[in-house]
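This report concerns only the one structure given below.
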Amino acid sequence: MSRREQGLEPGPGGAEAAVEDAEPAEPESPDQCLSLLPWDRFSAWLHCVCVVGFDLELGQAVEVIYPPHSKLTDKEKTNICYLSFPDSNSGCLGDTQFCFRFRRSPGRKVSLCCFLDQFDRDLPVYLKKDAAYYYGYVYFRQVRDKSLKRGYFQKSLVLISKLPYVHLFRTMLKQIAPEYFEKSEAFLEAVCSDIDRWPAPVPGKVLQLPIMGVIMKLRIPTYRDKPGTTPIVQNMHQADAQVSMALPTVHEVDLFRCFCPVFFHIQMLWELVLLGEPLVVMAPSPAESSETVLALVSCISPLKYCSDFRPYFTIHDSEFKEYTTRTQAPPSVILGVTNPFFAKTLQHWPHIIRIGDIKLPGEVPKQVKVKKLKNLKTLDSKPGVYTSYKPYLNKDEEIVKQLQKGVQQKRPTEAQSVILRRYFLELTESFIIPLERYVASLMPLQKCISPWKSPPQLRQFSQDDFMKTLEKAGPQLTSGLKGDWIGLYRHFLKSPNFDGWFRSRQKEMTQKLEALHLEALCNEVEHEIFDSFVNPDLAKHDFVKQVQARTDTAKEQYEIHTSLVITTVIICKTYL
């Protein structure tokens, strides 16, 4: 057993060795919290690392789980096994990277690292952890090996995490996986030991993460960041010459590369994702399917996609029957698939995207019309969007021309992605601002908050009242797009994305009301403490008068409050 496993080797002695402040320091050093137990730092980033191999008798099997104490149920192990290998038809020779997402088994015990949830509060809503799901980040290798009976070496190194930091873990796997396949388990233990020295994943700070001689420098976004902006993490300076690479993002995918095969339909796809419509991405490999699904989910940012999504989904998935049944309407979910079997199984789904191999565009893609679903018979069907959906908004020709011009001028794909991401952001903000404005009006006025009454309630959301506001304060104020905005809003108000967004805003406003009420109560307590010192008899008389004038609930609240005042006065008189 290594010194790390025995808990004999402490981590570094402070956050300042690995974290460069980008914002004011936290009141309590995260590293002080993370020094409680061995592997707590590791658990802040990863649940575990798995090695999945191919056994001639058993098929895919989990060969290694590290750290050894990591808990996975049998169902979770089975899902990881099947999702860590491409389907046999994919023909992925060499090295392939992709990701998947699967449900955690219910009934798990709360982690000892639950205090790390404080960092979750500062994240943008679309980066917050979902306690019901794990992500799996895969580096799969398949090469010819005549010494093996099967004739091929097939193995996957998989990082299991609650964090949706796709770009970070993809970069990390590129660094460690090739060397792991050469050096095996001892190398894996060293990798995990490095991760257990990382600082906490604090949003808004520039973090330096050492991994096997390479240091990744990055910044996790916060909800305070202006949408559409990414504070640049500077590359190597002489002051920190040990930094090997600066990551421009922890979570974003190459948006233009993913949408290039269907970019004539990006606005329609934005509507489908916004409305939470059932959507299938059929691709030749898990790399293409997972990147495209992640790109779709991110296109409505800063809104959070509130339905389920599976970047890579197989016929062995534990939710296969649930999602492919014909006895009910397809659920609100985005699936990425590669098996030809799905072309028949999911033929009843209303919206299907068929993509070919994703390559860097060297020429202007030809415009392809939306195809009818009946024309989709096999996975070998031509690339395109198969749906009978009619978009609510008129097509924005300007963004298509801008992207086409970029291809002609050989504009870097990173720049094309920036243009596309800004377009989606402006479209989403134009749509959501009228909703934000209306929901803010449901908040009671501050003059309605009294320390002697329960906190006032938010007014109910009225669809009719909201629709009336759109005539003068609708999306036309910030967007030049024409079309049936009213119809789009009506459809959206029935979607899981609206439900998730409104619940979140409702919770925020309720907490704000409770905070204002508590502030008013504290101010009144201070006032009464002062009165009790100046004229105790008058304060007592006023207390009786106030109680008599109140309802039973208010009496109880006032009595508790006043007993607190009296106790405070006694303590003050004792020590002053």
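Residues in the structure tokens are numbered from 1 in each chain, the chains being A, B, ... in the order shown, and ligands are numbered from 1 in the order shown.
Here the residues within region 340-518 of chain A that DSSP labels strand (DSSP E) on the basis of the backbone are A:His351, A:Ile352, A:Ile353, A:Arg354, A:Gly384, A:Val385, A:Tyr386, A:Thr387.
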Could you dump the residues just selected with C-alpha atoms as an mmCIF file, in the first residue's frame?
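Below is the file again19.cif, written as the result:
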```cif
data_model
loop_
_atom_site.group_PDB
_atom_site.id
_atom_site.type_symbol
_atom_site.label_atom_id
_atom_site.label_comp_id
_atom_site.auth_asym_id
_atom_site.auth_seq_id
_atom_site.Cartn_x
_atom_site.Cartn_y
_atom_site.Cartn_z
ATOM 1 C CA HIS A 351 -36.418 14.966 -34.630
ATOM 2 C CA ILE A 352 -33.284 13.175 -35.810
ATOM 3 C CA ILE A 353 -29.903 14.630 -36.750
ATOM 4 C CA ARG A 354 -27.739 12.445 -38.953
ATOM 5 C CA GLY A 384 -29.018 16.096 -42.463
ATOM 6 C CA VAL A 385 -31.882 16.989 -40.139
ATOM 7 C CA TYR A 386 -34.929 14.723 -40.347
ATOM 8 C CA THR A 387 -38.024 16.374 -38.862
#
```
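Residues surrounding Leu335 (chain A) within 7 Å are A:Leu279, A:Val280, A:Val281, A:Phe309, A:Arg310, A:Pro311, A:Tyr312, A:Phe313 [only C-alpha atoms; sequence separation below 3 positions excluded].
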Output C-alpha atoms for every residue in that selection, as a compact mmCIF listing (two decimals), in the first residue's frame.
```txt
# COMPACT_ATOMS: atom_id res chain seq x y z
CA LEU A 279 -33.77 14.72 -30.24
CA VAL A 280 -31.49 11.96 -31.53
CA VAL A 281 -28.00 12.47 -32.95
CA PHE A 309 -29.03 14.20 -22.23
CA ARG A 310 -26.76 11.32 -23.14
CA PRO A 311 -23.69 12.18 -25.22
CA TYR A 312 -23.24 8.47 -25.99
CA PHE A 313 -26.07 5.96 -25.58
```
inquiry  = Quick one: residues within 12 Å of Gly228 (chain A), only C-alpha atoms, excluding same-chain residues fewer than 2 positions away - as a list in words?
reply    = Pro124, Pro221, Tyr223, Arg224, Asp225, Lys226, Thr230, Pro231, Glu252, Ser298, Cys299, Ile300, Ser301, Pro302, Ser417, Val418, Ile419, Leu420, Arg421, Arg422, Tyr423, Phe424, Leu425, Glu426, Leu427, Thr428 and Glu429 of chain A
Export of the given selection (N, CA and C atoms) as a CSV table (one decimal), in the first residue's frame:
```csv
chain,number,residue,atom,x,y,z
A,124,PRO,N,-21.9,29.2,-12.6
A,124,PRO,CA,-23.1,29.5,-13.5
A,124,PRO,C,-24.0,28.3,-13.4
A,221,PRO,N,-15.4,29.3,-14.4
A,221,PRO,CA,-16.2,30.5,-14.5
A,221,PRO,C,-17.1,30.6,-13.2
A,223,TYR,N,-20.8,32.7,-11.6
A,223,TYR,CA,-22.1,33.2,-12.1
A,223,TYR,C,-22.0,34.8,-12.2
A,224,ARG,N,-20.9,35.3,-11.6
A,224,ARG,CA,-20.7,36.8,-11.7
A,224,ARG,C,-20.1,37.2,-13.1
A,225,ASP,N,-19.5,36.3,-13.8
A,225,ASP,CA,-18.9,36.6,-15.1
A,225,ASP,C,-20.0,37.1,-16.1
A,226,LYS,N,-19.6,38.0,-16.9
A,226,LYS,CA,-20.5,38.5,-17.9
A,226,LYS,C,-20.7,37.4,-18.9
A,230,THR,N,-15.0,35.1,-21.5
A,230,THR,CA,-14.1,34.2,-20.8
A,230,THR,C,-12.8,34.9,-20.4
A,231,PRO,N,-12.6,35.2,-19.1
A,231,PRO,CA,-11.4,35.9,-18.7
A,231,PRO,C,-10.2,35.0,-19.1
A,252,GLU,N,-16.1,24.2,-22.6
A,252,GLU,CA,-16.7,24.4,-23.9
A,252,GLU,C,-16.1,23.4,-24.9
A,298,SER,N,-25.2,23.1,-25.0
A,298,SER,CA,-24.6,24.4,-24.7
A,298,SER,C,-25.2,25.6,-25.5
A,299,CYS,N,-25.9,25.3,-26.6
A,299,CYS,CA,-26.4,26.4,-27.5
A,299,CYS,C,-27.4,27.3,-26.8
A,300,ILE,N,-28.1,26.8,-25.7
A,300,ILE,CA,-29.0,27.7,-25.1
A,300,ILE,C,-28.5,28.4,-23.8
A,301,SER,N,-27.1,28.3,-23.7
A,301,SER,CA,-26.5,29.0,-22.5
A,301,SER,C,-26.7,30.5,-22.7
A,302,PRO,N,-26.9,31.2,-21.6
A,302,PRO,CA,-26.8,30.8,-20.2
A,302,PRO,C,-27.9,30.1,-19.5
A,417,SER,N,-16.2,29.5,-34.0
A,417,SER,CA,-16.9,29.0,-32.8
A,417,SER,C,-17.3,30.2,-31.9
A,418,VAL,N,-16.4,31.2,-31.8
A,418,VAL,CA,-16.7,32.4,-31.0
A,418,VAL,C,-17.9,33.2,-31.6
A,419,ILE,N,-17.9,33.3,-32.9
A,419,ILE,CA,-19.0,34.0,-33.6
A,419,ILE,C,-20.3,33.2,-33.4
A,420,LEU,N,-20.3,31.9,-33.5
A,420,LEU,CA,-21.5,31.1,-33.3
A,420,LEU,C,-22.0,31.1,-31.9
A,421,ARG,N,-21.0,31.1,-30.9
A,421,ARG,CA,-21.4,31.1,-29.5
A,421,ARG,C,-22.1,32.5,-29.2
A,422,ARG,N,-21.5,33.5,-29.7
A,422,ARG,CA,-22.1,34.9,-29.4
A,422,ARG,C,-23.5,35.0,-30.1
A,423,TYR,N,-23.7,34.4,-31.2
A,423,TYR,CA,-25.0,34.4,-31.9
A,423,TYR,C,-26.0,33.7,-31.0
A,424,PHE,N,-25.7,32.5,-30.5
A,424,PHE,CA,-26.6,31.8,-29.7
A,424,PHE,C,-26.9,32.5,-28.4
A,425,LEU,N,-25.8,33.1,-27.8
A,425,LEU,CA,-26.0,33.9,-26.6
A,425,LEU,C,-27.0,35.0,-26.7
A,426,GLU,N,-26.8,35.8,-27.8
A,426,GLU,CA,-27.7,37.0,-28.0
A,426,GLU,C,-29.1,36.5,-28.3
A,427,LEU,N,-29.2,35.4,-29.0
A,427,LEU,CA,-30.6,34.9,-29.3
A,427,LEU,C,-31.3,34.4,-28.0
A,428,THR,N,-30.5,33.7,-27.2
A,428,THR,CA,-31.1,33.2,-25.9
A,428,THR,C,-31.4,34.4,-25.0
A,429,GLU,N,-30.5,35.4,-24.9
A,429,GLU,CA,-30.8,36.5,-24.0
A,429,GLU,C,-32.0,37.3,-24.5
```
task = For Gly336 (chain A), please output as a ChimeraX atom specification all residues within 12 Å (counting only C-alpha atoms; exclusion window: fewer than 3 positions along the same chain).
result = /A:83,98-101,278-297,308-315,333,339,342-343,346,352-355
request  = With a distance cut-off of 7 Å and only C-alpha atoms, select the neighbouring residues of Asp95 (chain A), excluding the residue or stretch itself and same-chain residues fewer than 4 positions from it, and output the selection as a PyMOL selection string.
outcome  = chain A and resi 139-142
Only C-alpha atoms, please: the residues just picked out, written as a PDB file, in the first residue's frame.
```pdb
ATOM      1  CA  TYR A 139      -9.649   7.527 -23.764  1.00  0.00           C
ATOM      2  CA  PHE A 140     -10.095   4.334 -25.814  1.00  0.00           C
ATOM      3  CA  ARG A 141      -7.249   2.542 -27.583  1.00  0.00           C
ATOM      4  CA  GLN A 142      -7.674  -0.214 -30.175  1.00  0.00           C
TER       5      GLN A 142
END
```
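Reported to one decimal place, the separation of CA of Lys174 (chain A) from CA of Pro68 (chain A) is 23.3 Å.
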